[in-house]
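*Asks:* Dumping the structure here so I can ask a few things about it.
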Amino acid sequence: MDLSFVILVEMLYAVASLVLISAGLAVVFGMMKVINLAHGEFMMMGGYATITAVGLGVNVFVAMLVIAPIVVGLIGLIVERLVIRHLYGRLVDTMLATWGLSLVFIGLATMIFGNTTTGISTPIPGFAVGDYQINGYNFFIIIVTILLVIAMYAVLRGTRAGLIARGTMQRSDMAAALGYSPDRIYMMTFFCGSALSGLAGAVLAPLVGLVPTSGGAYIAKAFITVIAGGPSLIAGLVSSATSFGLVNQIFTFAISPVIGEVALLIAAVVLLRAMPSGITGRFFKGKM
Amino acid sequence: MKRTMSQDVLITLVVSALLIWLMPLLISTYTLTVLVIYGMLGLSLGLIWGFGGILCFGQAAFFGLGAYTYAIAAINIGESTVPMILAVVVPAIFAALLGAMMFYGRLTDVYLGVITLVVTLILFKFVNSTAGPQYVIGKARLGGFNGIPGFQTLNVPGDPNAYIWGDPYFYVCAVALVIVYLLVTWLLRSSFGRMALGIRENEVRMGLMGYDVAARKTVLFAIGAAIAGLAGALFANWGEIVTPNLFSLGQSAEIIIWCIVGGLGTRLGPIVGAAGLAYLKFMLGQQSMIDNTLITGLILVLFVLFLPRGLVPAIASLLSSIFGHTRRKPSNRRMRRARHG
Amino acid sequence: MSLTRRELLGGAAAVSAAAMLPKAAMSADKIQLGSILDTSGIFDAYGKPMDQAMRLAVKEINAGGGLLDRQVEVAAYDTQSDMALYSQYAQQLTRQDQVDVVHGGILSASREAIRQTMRKTKTLYFYNVQYEGGVCDRNIFVTGVTPAQQVEVLVPYAMKKSGPKVHILAADYNYGQITARWIQKFVEENGGEVVATDFFPLDVSDFGSTITKIQQTAPDLVFAPLVGGAHLSFFRQWAAAGMKDKIPLASTTMGVGNEHKVLTAEEGNGIMVAYNYSQELETASNAAFKEKWQAEYGDTTAIHELAVSTYQGIMLWAEGVRKAGSIERDAVVDALETGISIEGPAGKVTIDPQTHHATVDVHIMEFDGQGMKVIETLPQRAPIDTQAVCDLQANPDDNTQYEIEI
């Protein structure tokens with residue numbers, strides 16, 4: 001009984017962390033059809049922003065939930081103005097440019113922070129469930145993720161900005177004809193996407209050792225999750241993260257973490273072969 | 001293409017003979033060898049991406065597969081001729097299967113990218129976790145993260161003790177590149193090559209005209225993989241060790257950069273890009289002023305922003321505007337389609 | 001053009017030496033020391049301090065008048081954590097720069113790439129890194145510790161402090177696999193039992209399910225030779241789950257790259273390790289070494305095991321050259337094979353003639369307040385794992401990396 005509870009929490013955590021690491025990428029891809037390969041480095045910078053802020057004496061939760069998203073969002077804004085906006089509509093070129101940016105960020109972070117592993121410890125203690133100890137921080141991540149998804153839904157559904165954003169997503173030319181500058185909307189979207197990446201990196205930072213190359217561990221997973229999700233932003237993100245997270249954890253517990261990872265990847269191949277335009281290309285059509 | 005095939009062959013032979021004679025005077029042959037090998041690897045992606053519109057994120061998978069096939073076969077056989085052949089055939093078969101799965105499934109665009117990326121990751125993770133003694137193929141331990149050292153390197157066919165290494169090995173690789181280059185030239189001029197271009201330009205149109213688009217893409221994909229496999233085997237011989245890094249995402253991405261910097265949709269571009277950037281990386285390792293990753297990244301960003309067509313087409317159009325050549329260069333529109341295919 | 005007597009003599013010496021020793025011809029006046037390390041890319045946390053230690057050692061040698069009245073010059077290359085560059089720069093060092101000795105290589109795969117080139121070109125090679133053991137080649141000297149040297153002393157100590165049931169978590173590559181087998185052997189010899197062994201590729205950073213699994217096997221001790229930044233997460237997640245005070249941890253790798261300074265004191269305290277070096281070693285030679293480092297780089301926090309090994313490796317080589325009275329490879333090898341020793345920052349280091357590995361002092365330590373507190377020092381531990389398979393006195397032509405059967 002205790003064991004099954006622990007395993008359930010681990011599975012929820014796996015799904016939640018997939019949603020978290022993919023959210024920023026999904027927003028940018030869903031809205032702008034731009035694949036931001038520097039996504040992992042945005043997360044890495046979120047981590048460094050948190051650690052630096054904590055080092056300066058800021059409360060760890062403020063650092064993670066407020067400072068890191070804002071800092072990374074602003075960096076994203078600069079990147080968008082300098083590079084990305086010249087490349088809209090050129091999918092492959094944006095991928096290559098952002099990949100170049102990711103290298104630049106790795107280089108800069110190495111020059112600023114050095115390559116030694118850094119990190120902060122988890123701010124929430126573990127607790128016991130029957131005979132088992134469980135990582136209290138996992139719950140924090142699950143809760144943050146749920147709140148994040150609800151917030152994204154609420155913004156897209158309930159606010160004027162969300163309406164404009166959805167309109168731009170479907171027909172940017174019509175949105176422009178109605179007087180909304182796509183340029184500004186894209187700029188804001190990229191800011192939000194980067195901020196989400198920063199948030200994800202910040203929230204995950206206490207669990208891992210951080211080095212300038214840490215981002216590489218996330219980008220492939222996030223990329224796969226977003227693409228397999230398909231055209232709908234939230235439904236796609238949640239459905240693909242759930243499928244992959246479950247597959248991963250089932251095989252991890254049954255065999256080993258490596259097999260879990262490989263199972264996730266094989267699931268991605270099978271899924272894309274069966275549904276060439278992602279899960280929401282087939283199911284939940286027209287949802288967000 | 002105004003020049004005839006025989007003119008093309010003649011120019012290629014003369015220029016490459018000159019280069020093979022002159023380059024060793026400038027750069028040590030050991031470094032040159034790897035530049036040549038990377039050039040071949042660049043060409044393999046340049047062929048399927050630039051002329052077939054297939055953006056493969058996992059070209060390194062075939063490179064690594066070729067290298068590993070060679071290493072494993074060479075340990076088991078103890079002679080290099082059969083392993084060399086296997087190193088070309090195995091990646092080609094693997095690519096044919098993978099390609100058939102993707103192209104008959106009508107996967108295109110980023111989805112294609114994701115599948116090739118994922119397959120590379122699977123191979124990487126698998127090979128990386130084979131450190132235990134239970135992973136053996138014949139006499140060869142797979143070795144996991146540490147890779148496989150100490151296999152039989154290239155020898156004169158039939159005589160396992162007559163190793164080809166040092167300067168002669170450079171000439172072997174250079175000649176191999178010239179042959180592959182000529183084969184690619186011939187392929188692109190054949191009806192198959194023209195159809196590949198047609199598919200790149202408009203897949204639906206070619207399908208409606210009655211051509212089996214998926215089959216042609218699969219074959220082109222397999223040919224690209226065969227070339228990458230050959231490059232992998234040559235690389236294994238050069239480095240005398242194969243490691244899972246050959247399969248890594250970083251390696252795949254590097255191949256894509258070579259093509260972009262050199263110029264997509266040309267045969268020469270990817271080769272120039274590969275050799276140039278690899279040499280740059282080698283030079284950068286001799287200084288420690290600025291972080292090398294930073295420089296590589298900047299080069300990529302600047303190229304995408306300011307020279308999106310790559311070096312070779314840019315230089316070609318510059319030359320033709322200076323000398324008033326009438327040669328028709330690939331139009332902008334065609335280039336752009338190729339890059340988004 | 002005026003020729004000084006010194007130049008004339010030097011030229012003559014070079015010409016006559018060239019006839020016998022083609023290698024010495026190019027290096028004319030200065031002795032060339034080649035170095036191949038990753039000072040950028042993902043392994044630079046290991047490589048950078050090693051590079052600093054190498055330069056410090058050479059500077060010290062030169063300040064003391066050089067070797068054989070010649071200054072030592074460094075030719076260093078950064079391999080950027082890229083495998084292809086190892087062979088490339090190894091070729092460059094031996095063919096173009098024609099160096100007299102090469103120090104370097106970090107990962108085992110890089111060592112194997114370098115080693116063959118050095119052997120072919122008859123260039124003396126020093127590998128100054130803790131590794132899995134078993135390399136048997138007359139042309140190479142290894143100054144880092146090997147698993148048996150650490151595990152032999154660490155296992156009994158850790159088991160005495162905890163209990164007989166051990167769960168092993170090892171990095172899934174050569175080093176981890178071999179170390180896990182040594183741990184198993186010594187656990188059984190000490191009357192214990194290994195309840196489970198798990199291997200993790202170097203990029204695994206999520207250990208949640210593993211921590212649950214460990215609780216199922218309920219061991220008395222967790223032995224974790226995990227490697228690199230991603231694996232560091234294990235120690236953090238272990239502490240976050242509140243396991244730290246329930247089951248003690250021991251490791252043969254944690255702290256080699258100064259990882260213990262990344263963990264907080266609460267996360268790290270009590271983890272048991274065994275190494276050749278700790279910054280907290282209270283010896284005169286360590287104090288002197290740290291002072292020199294401080295004077296050169298202004299900050300001693302970067303010093304780690306591998307940097308000290310590099311420093312000791314260069315000093316051993318220098319001692320060999322002095323003893324041989326020559327920089328010619330075979331003479332230096334012969335001199336080193338007499339069982340030369342030096343007093344390094346980590347204590348006495350002696351070359352074992354049979355294996356070309358090092359006999360070193362091993363210190364059992366516990367993490368304490370982000371430092372490594374020395375509990376016990378076991379002087380002069382021989383590389384028993386490599387000794388079991390390698391005898392270069394009997395087979396000087398050996399050129400294999402043995403997998404040690406246990």
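Residues in the structure tokens are numbered from 1 in each chain, the chains being A, B, ... in the order shown, and ligands are numbered from 1 in the order shown.
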Counting only C-alpha atoms, which residues from chain B have an atom at most 9 Å from any atom of chain A, and could you show them as an MDAnalysis selection string?

*Replies:* chainID B and resid 55 101:102 105:108 110:111 114:115 117:119 121:122 125:126 129 253 256:257 260 290:305 308 336 339:341

*Asks:* When DSSP works through the backbone of this structure, what residues of stretch 229-354 of chain C end up as strand (DSSP E or B), shown as a ChimeraX atom specification?

*Replies:* /C:249-251,272-275,341-344,347-352

*Asks:* What does the file look like for those residues with N, CA and C atoms, as an mmCIF file, in the first residue's frame?

*Replies:*
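Okay, again.cif is ready:
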data_model
loop_
_atom_site.group_PDB
_atom_site.id
_atom_site.type_symbol
_atom_site.label_atom_id
_atom_site.label_comp_id
_atom_site.auth_asym_id
_atom_site.auth_seq_id
_atom_site.Cartn_x
_atom_site.Cartn_y
_atom_site.Cartn_z
ATOM 1 N N LEU C 249 26.085 6.532 3.303
ATOM 2 C CA LEU C 249 26.594 6.456 1.939
ATOM 3 C C LEU C 249 28.114 6.374 1.939
ATOM 4 N N ALA C 250 28.641 5.625 0.953
ATOM 5 C CA ALA C 250 30.081 5.653 0.711
ATOM 6 C C ALA C 250 30.294 5.773 -0.782
ATOM 7 N N SER C 251 31.414 6.372 -1.188
ATOM 8 C CA SER C 251 31.662 6.549 -2.616
ATOM 9 C C SER C 251 33.156 6.539 -2.898
ATOM 10 N N MET C 272 31.167 8.707 3.206
ATOM 11 C CA MET C 272 32.516 8.163 3.419
ATOM 12 C C MET C 272 33.232 7.967 2.090
ATOM 13 N N VAL C 273 34.460 8.418 2.016
ATOM 14 C CA VAL C 273 35.238 8.277 0.784
ATOM 15 C C VAL C 273 36.676 7.888 1.133
ATOM 16 N N ALA C 274 37.429 7.481 0.104
ATOM 17 C CA ALA C 274 38.850 7.195 0.310
ATOM 18 C C ALA C 274 39.617 7.697 -0.899
ATOM 19 N N TYR C 275 40.540 8.618 -0.672
ATOM 20 C CA TYR C 275 41.312 9.180 -1.771
ATOM 21 C C TYR C 275 42.774 9.324 -1.389
ATOM 22 N N SER C 341 60.659 7.585 -5.815
ATOM 23 C CA SER C 341 59.506 8.174 -5.149
ATOM 24 C C SER C 341 59.739 9.645 -4.889
ATOM 25 N N ILE C 342 58.652 10.366 -4.741
ATOM 26 C CA ILE C 342 58.730 11.784 -4.382
ATOM 27 C C ILE C 342 57.794 12.023 -3.205
ATOM 28 N N GLU C 343 58.002 13.155 -2.550
ATOM 29 C CA GLU C 343 57.082 13.545 -1.484
ATOM 30 C C GLU C 343 56.158 14.613 -2.060
ATOM 31 N N GLY C 344 54.921 14.244 -2.381
ATOM 32 C CA GLY C 344 53.990 15.188 -3.001
ATOM 33 C C GLY C 344 53.037 15.760 -1.978
ATOM 34 N N GLY C 347 51.372 13.135 0.034
ATOM 35 C CA GLY C 347 52.220 12.163 0.709
ATOM 36 C C GLY C 347 53.200 11.526 -0.255
ATOM 37 N N LYS C 348 53.770 10.411 0.179
ATOM 38 C CA LYS C 348 54.799 9.767 -0.626
ATOM 39 C C LYS C 348 54.181 9.031 -1.811
ATOM 40 N N VAL C 349 54.741 9.231 -3.001
ATOM 41 C CA VAL C 349 54.270 8.550 -4.196
ATOM 42 C C VAL C 349 55.438 7.759 -4.776
ATOM 43 N N THR C 350 55.238 6.458 -4.960
ATOM 44 C CA THR C 350 56.309 5.610 -5.455
ATOM 45 C C THR C 350 55.847 4.921 -6.730
ATOM 46 N N ILE C 351 56.754 4.849 -7.714
ATOM 47 C CA ILE C 351 56.400 4.120 -8.935
ATOM 48 C C ILE C 351 56.598 2.626 -8.686
ATOM 49 N N ASP C 352 55.567 1.852 -9.041
ATOM 50 C CA ASP C 352 55.656 0.408 -8.915
ATOM 51 C C ASP C 352 56.239 -0.138 -10.217
#

*Asks:* Could the residues of chain C within 7 Å of chain A, counting only C-alpha atoms, be given as a list of chain:residue names, please?

*Replies:* C:Ile42, C:Asp44, C:Ala45, C:Ser205, C:Gly208, C:Ser209, C:Gln215, C:Gly229, C:Ala230, C:Leu232, C:Ser233, C:Arg236, C:Gln237, C:Ala240, C:Ala241, C:Gly242, C:Met243, C:Val262, C:Thr264

*Asks:* Only C-alpha atoms, please: the residues just picked out, written as a PDB file, in the first residue's frame.

*Replies:*
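Final output, out34.pdb:
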ATOM      1  CA  ILE C  42      31.740  19.356 -20.228  1.00  0.00           C
ATOM      2  CA  ASP C  44      36.624  21.168 -17.886  1.00  0.00           C
ATOM      3  CA  ALA C  45      35.741  21.060 -14.184  1.00  0.00           C
ATOM      4  CA  SER C 205      19.817  12.802 -13.311  1.00  0.00           C
ATOM      5  CA  GLY C 208      13.403   9.221  -7.616  1.00  0.00           C
ATOM      6  CA  SER C 209      12.521   5.677  -8.624  1.00  0.00           C
ATOM      7  CA  GLN C 215      14.094   1.416   0.303  1.00  0.00           C
ATOM      8  CA  GLY C 229      27.357  16.503 -12.708  1.00  0.00           C
ATOM      9  CA  ALA C 230      24.163  14.595 -13.521  1.00  0.00           C
ATOM     10  CA  LEU C 232      25.450  14.560  -8.310  1.00  0.00           C
ATOM     11  CA  SER C 233      21.658  14.857  -8.287  1.00  0.00           C
ATOM     12  CA  ARG C 236      20.865  15.843  -3.423  1.00  0.00           C
ATOM     13  CA  GLN C 237      17.675  13.857  -4.021  1.00  0.00           C
ATOM     14  CA  ALA C 240      15.802  15.695  -0.021  1.00  0.00           C
ATOM     15  CA  ALA C 241      13.932  12.435   0.527  1.00  0.00           C
ATOM     16  CA  GLY C 242      15.228  12.388   4.079  1.00  0.00           C
ATOM     17  CA  MET C 243      17.211   9.182   3.543  1.00  0.00           C
ATOM     18  CA  VAL C 262      28.520  21.900  -4.323  1.00  0.00           C
ATOM     19  CA  THR C 264      25.485  21.801   1.277  1.00  0.00           C
TER      20      THR C 264
END

*Asks:* Can you list every residue of chain B that has an atom at most 10 Å from chain C, with its nearest atom pair and the distance in Å to one decimal, using only C-alpha atoms, ordered by chain then number, as a tab-separated table?

*Replies:*
residue	atom	partner	partner_atom	distance
B:Ser28	CA	C:Gln92	CA	8.4
B:Tyr30	CA	C:Gln88	CA	7.2
B:Thr31	CA	C:Gln88	CA	6.4
B:Val34	CA	C:Ala84	CA	8.7
B:Lys125	CA	C:Pro201	CA	8.0
B:Phe126	CA	C:Pro201	CA	9.8
B:Asn128	CA	C:Pro201	CA	6.9
B:Ser129	CA	C:Pro201	CA	6.0
B:Thr130	CA	C:Tyr173	CA	7.7
B:Ala131	CA	C:Tyr173	CA	4.9
B:Gly132	CA	C:Gln177	CA	6.5
B:Pro133	CA	C:Gln177	CA	8.8
B:Gly143	CA	C:Asn174	CA	7.0
B:Gly144	CA	C:Tyr173	CA	5.8
B:Phe145	CA	C:Tyr173	CA	5.4
B:Asn146	CA	C:Ala109	CA	4.9
B:Gly147	CA	C:Ala109	CA	6.8
B:Ile148	CA	C:Ala109	CA	8.6
B:Pro149	CA	C:Glu112	CA	6.9
B:Gly150	CA	C:Glu112	CA	8.7
B:Phe235	CA	C:Ala84	CA	9.0
B:Trp238	CA	C:Ser87	CA	8.7
B:Gly239	CA	C:Ser87	CA	6.1
B:Glu240	CA	C:Ala113	CA	7.0
B:Ile241	CA	C:Ala113	CA	6.5
B:Val242	CA	C:Ala109	CA	9.0
B:Thr243	CA	C:Ala109	CA	7.7
B:Pro244	CA	C:Met83	CA	10.0
B:Asn245	CA	C:Met83	CA	7.5
B:Leu246	CA	C:Met83	CA	8.9
B:Gln251	CA	C:Asp82	CA	9.9
B:Ala278	CA	C:Leu85	CA	10.0
B:Lys281	CA	C:Gln80	CA	9.1
B:Phe282	CA	C:Leu85	CA	7.3
B:Met283	CA	C:Tyr77	CA	9.9
B:Leu284	CA	C:Asp78	CA	8.5
B:Gly285	CA	C:Asp78	CA	4.8
B:Gln286	CA	C:Tyr77	CA	5.4
B:Gln287	CA	C:Asp78	CA	7.7
B:Ser288	CA	C:Asp78	CA	7.7
B:Ile290	CA	C:Ser40	CA	9.9
B:Asp291	CA	C:Ser40	CA	7.0
B:Asn292	CA	C:Ser40	CA	7.4
B:Thr293	CA	C:Gly41	CA	7.6

*Asks:* Would you save the residues from that selection as a compact mmCIF listing (two decimals), in the first residue's frame, using N, CA and C atoms?

*Replies:*
# COMPACT_ATOMS: atom_id res chain seq x y z
N SER B 28 49.08 19.33 -41.83
CA SER B 28 49.60 17.97 -41.70
C SER B 28 48.57 16.96 -42.20
N TYR B 30 47.65 14.18 -41.22
CA TYR B 30 46.80 13.52 -40.23
C TYR B 30 45.53 14.34 -40.00
N THR B 31 45.70 15.66 -39.87
CA THR B 31 44.53 16.53 -39.71
C THR B 31 43.73 16.58 -41.00
N VAL B 34 41.12 13.81 -41.45
CA VAL B 34 39.83 13.93 -40.78
C VAL B 34 38.98 15.01 -41.44
N LYS B 125 21.84 6.00 -26.46
CA LYS B 125 21.60 5.49 -25.12
C LYS B 125 21.90 4.00 -25.04
N PHE B 126 21.55 3.29 -26.10
CA PHE B 126 21.82 1.86 -26.08
C PHE B 126 23.33 1.60 -26.03
N ASN B 128 25.67 3.49 -25.23
CA ASN B 128 26.27 4.06 -24.03
C ASN B 128 26.10 3.16 -22.81
N SER B 129 25.09 2.29 -22.83
CA SER B 129 24.83 1.48 -21.64
C SER B 129 25.28 0.03 -21.85
N THR B 130 26.26 -0.16 -22.74
CA THR B 130 26.72 -1.52 -22.99
C THR B 130 28.08 -1.77 -22.38
N ALA B 131 28.34 -1.18 -21.22
CA ALA B 131 29.66 -1.34 -20.61
C ALA B 131 29.84 -2.73 -20.01
N GLY B 132 28.76 -3.39 -19.66
CA GLY B 132 28.86 -4.68 -18.98
C GLY B 132 29.43 -5.77 -19.86
N PRO B 133 29.98 -6.82 -19.23
CA PRO B 133 30.60 -7.89 -20.00
C PRO B 133 29.60 -8.71 -20.81
N GLY B 143 31.64 -2.23 -24.95
CA GLY B 143 32.43 -1.25 -24.18
C GLY B 143 31.70 -0.02 -23.67
N GLY B 144 30.42 0.17 -24.00
CA GLY B 144 29.67 1.30 -23.46
C GLY B 144 30.31 2.64 -23.74
N PHE B 145 30.28 3.48 -22.74
CA PHE B 145 30.78 4.85 -22.83
C PHE B 145 32.22 4.93 -23.31
N ASN B 146 33.03 3.94 -22.95
CA ASN B 146 34.45 3.99 -23.31
C ASN B 146 34.73 3.60 -24.76
N GLY B 147 33.75 3.00 -25.41
CA GLY B 147 33.93 2.67 -26.81
C GLY B 147 34.79 1.44 -27.03
N ILE B 148 35.13 1.20 -28.29
CA ILE B 148 35.93 0.03 -28.67
C ILE B 148 37.27 0.51 -29.21
N PRO B 149 38.36 0.23 -28.52
CA PRO B 149 39.68 0.53 -29.08
C PRO B 149 40.30 -0.74 -29.67
N GLY B 150 41.41 -0.58 -30.31
CA GLY B 150 42.25 -1.73 -30.67
C GLY B 150 41.66 -2.71 -31.66
N PHE B 235 36.55 7.11 -40.46
CA PHE B 235 36.85 7.80 -39.21
C PHE B 235 37.36 6.82 -38.15
N TRP B 238 40.81 6.11 -38.77
CA TRP B 238 41.68 7.26 -38.50
C TRP B 238 41.93 7.40 -37.01
N GLY B 239 40.84 7.33 -36.21
CA GLY B 239 40.99 7.56 -34.78
C GLY B 239 41.44 6.33 -34.02
N GLU B 240 41.30 5.15 -34.64
CA GLU B 240 41.63 3.86 -34.02
C GLU B 240 40.83 3.61 -32.75
N ILE B 241 39.72 4.30 -32.59
CA ILE B 241 38.81 4.02 -31.47
C ILE B 241 37.43 4.51 -31.90
N VAL B 242 36.39 3.79 -31.50
CA VAL B 242 35.03 4.31 -31.72
C VAL B 242 34.36 4.46 -30.37
N THR B 243 33.64 5.57 -30.18
CA THR B 243 32.95 5.81 -28.92
C THR B 243 31.51 6.25 -29.21
N PRO B 244 30.62 6.13 -28.21
CA PRO B 244 29.22 6.50 -28.46
C PRO B 244 29.05 7.96 -28.86
N ASN B 245 30.06 8.79 -28.59
CA ASN B 245 29.97 10.19 -28.99
C ASN B 245 29.69 10.37 -30.47
N LEU B 246 30.08 9.37 -31.27
CA LEU B 246 29.83 9.46 -32.70
C LEU B 246 28.34 9.55 -32.98
N GLN B 251 27.07 15.77 -32.45
CA GLN B 251 27.66 15.40 -33.73
C GLN B 251 26.66 15.65 -34.86
N ALA B 278 35.67 22.24 -39.15
CA ALA B 278 36.45 21.30 -38.35
C ALA B 278 37.86 21.84 -38.15
N LYS B 281 37.79 24.54 -35.56
CA LYS B 281 37.70 23.99 -34.22
C LYS B 281 39.08 23.52 -33.74
N PHE B 282 39.80 22.92 -34.66
CA PHE B 282 41.16 22.45 -34.36
C PHE B 282 42.06 23.63 -33.99
N MET B 283 41.94 24.72 -34.75
CA MET B 283 42.76 25.90 -34.47
C MET B 283 42.36 26.53 -33.13
N LEU B 284 41.06 26.56 -32.87
CA LEU B 284 40.60 27.20 -31.63
C LEU B 284 41.11 26.48 -30.39
N GLY B 285 41.33 25.17 -30.51
CA GLY B 285 41.82 24.40 -29.37
C GLY B 285 43.21 24.81 -28.95
N GLN B 286 43.89 25.58 -29.81
CA GLN B 286 45.25 25.95 -29.48
C GLN B 286 45.32 27.28 -28.76
N GLN B 287 44.14 27.89 -28.51
CA GLN B 287 44.13 29.14 -27.75
C GLN B 287 43.18 28.95 -26.57
N SER B 288 43.33 29.79 -25.58
CA SER B 288 42.40 29.65 -24.47
C SER B 288 41.85 31.01 -24.05
N ILE B 290 39.17 32.80 -25.52
CA ILE B 290 37.72 32.88 -25.53
C ILE B 290 37.17 31.46 -25.55
N ASP B 291 36.05 31.27 -24.92
CA ASP B 291 35.42 29.96 -24.90
C ASP B 291 35.05 29.53 -26.33
N ASN B 292 35.45 28.32 -26.68
CA ASN B 292 35.28 27.88 -28.06
C ASN B 292 33.83 27.66 -28.46
N THR B 293 33.02 27.19 -27.50
CA THR B 293 31.61 26.99 -27.79
C THR B 293 30.96 28.29 -28.23

*Asks:* At a cut-off of 8 Å, using only C-alpha atoms, what residues contact stretch 126-136 of chain C? Leave out same-chain residues fewer than 4 positions from it and give the result as a ChimeraX atom specification.

*Replies:* /C:101-106,108,111,140-147,174-176,178-179,306,309-310,313,355-356,385-386,389-392,398-404

*Asks:* Counting only C-alpha atoms, what is within 9 Å of C:Val222, bar same-chain residues fewer than 5 positions away, as a compact mmCIF listing (two decimals) with C-alpha atoms, in the first residue's frame?

*Replies:*
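Contents of out.txt, as written:
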# COMPACT_ATOMS: atom_id res chain seq x y z
CA LYS C 165 23.96 -5.48 3.58
CA VAL C 166 25.23 -3.29 0.75
CA HIS C 167 23.40 -1.77 -2.24
CA ILE C 168 25.70 -0.61 -5.06
CA LEU C 169 24.84 2.25 -7.43
CA ILE C 214 16.69 1.18 -2.42
CA ILE C 247 21.20 4.72 5.45
CA PRO C 248 24.85 5.81 5.27
CA LEU C 249 26.59 6.46 1.94
CA ALA C 250 30.08 5.65 0.71
CA SER C 251 31.66 6.55 -2.62

*Asks:* Would you compute the distance between atom CA of C:Val72 and atom CA of C:Pro345? Give it in Å to one decimal.

*Replies:*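 Going from atom CA of C:Val72 over to atom CA of C:Pro345 covers 21.4 Å.
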
*Asks:* For C:Ile364, please output as a list in words all residues within 10 Å (counting only C-alpha atoms; exclusion window: fewer than 6 positions along the same chain).

*Replies:*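 After dropping sequence-adjacent residues, the list is Gln150, Val153, Leu154, Tyr157, Ala158, Met272, Val273, Ala274, Tyr275, Asn276, Tyr277, Ser278, Met372, Lys373, Val374, Ile375, Glu376, Thr377 and Leu378 of chain C.
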
*Asks:* Show which residues sit within 6 Å of stretch 39-43 of chain A, as a ChimeraX atom specification. Count only C-alpha atoms, and ignore same-chain residues fewer than 6 positions away.

*Replies:* /A:102,197-198,201,215-216,218-219

*Asks:* Please measure the separation of atom CA of C:Val333 and atom CA of C:Ala388, giving the value in Å to one decimal.

*Replies:*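 Computing it gives 21.4 Å between the two atoms.
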
*Asks:* From the list B:Ile54, B:Ala67, B:Leu26, B:Val213, which residue is nearest B:Ala236 when using only C-alpha atoms?

*Replies:*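 Selected residue with least distance to B:Ala236: B:Ala67.
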
*Asks:* Write out as a PyMOL selection string all residues of stretch 142-201 of chain C that DSSP puts in helix (DSSP H, G or I) for this structure's backbone.

*Replies:* chain C and resi 147-161+174-189

*Asks:* Which residue is closest to B:Ile179? Choose from B:Ala275, B:Leu18, B:Ile227, B:Ala71 and count only C-alpha atoms.

*Replies:*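 Using only C-alpha atoms, B:Ile179 sits closest to B:Ile227.
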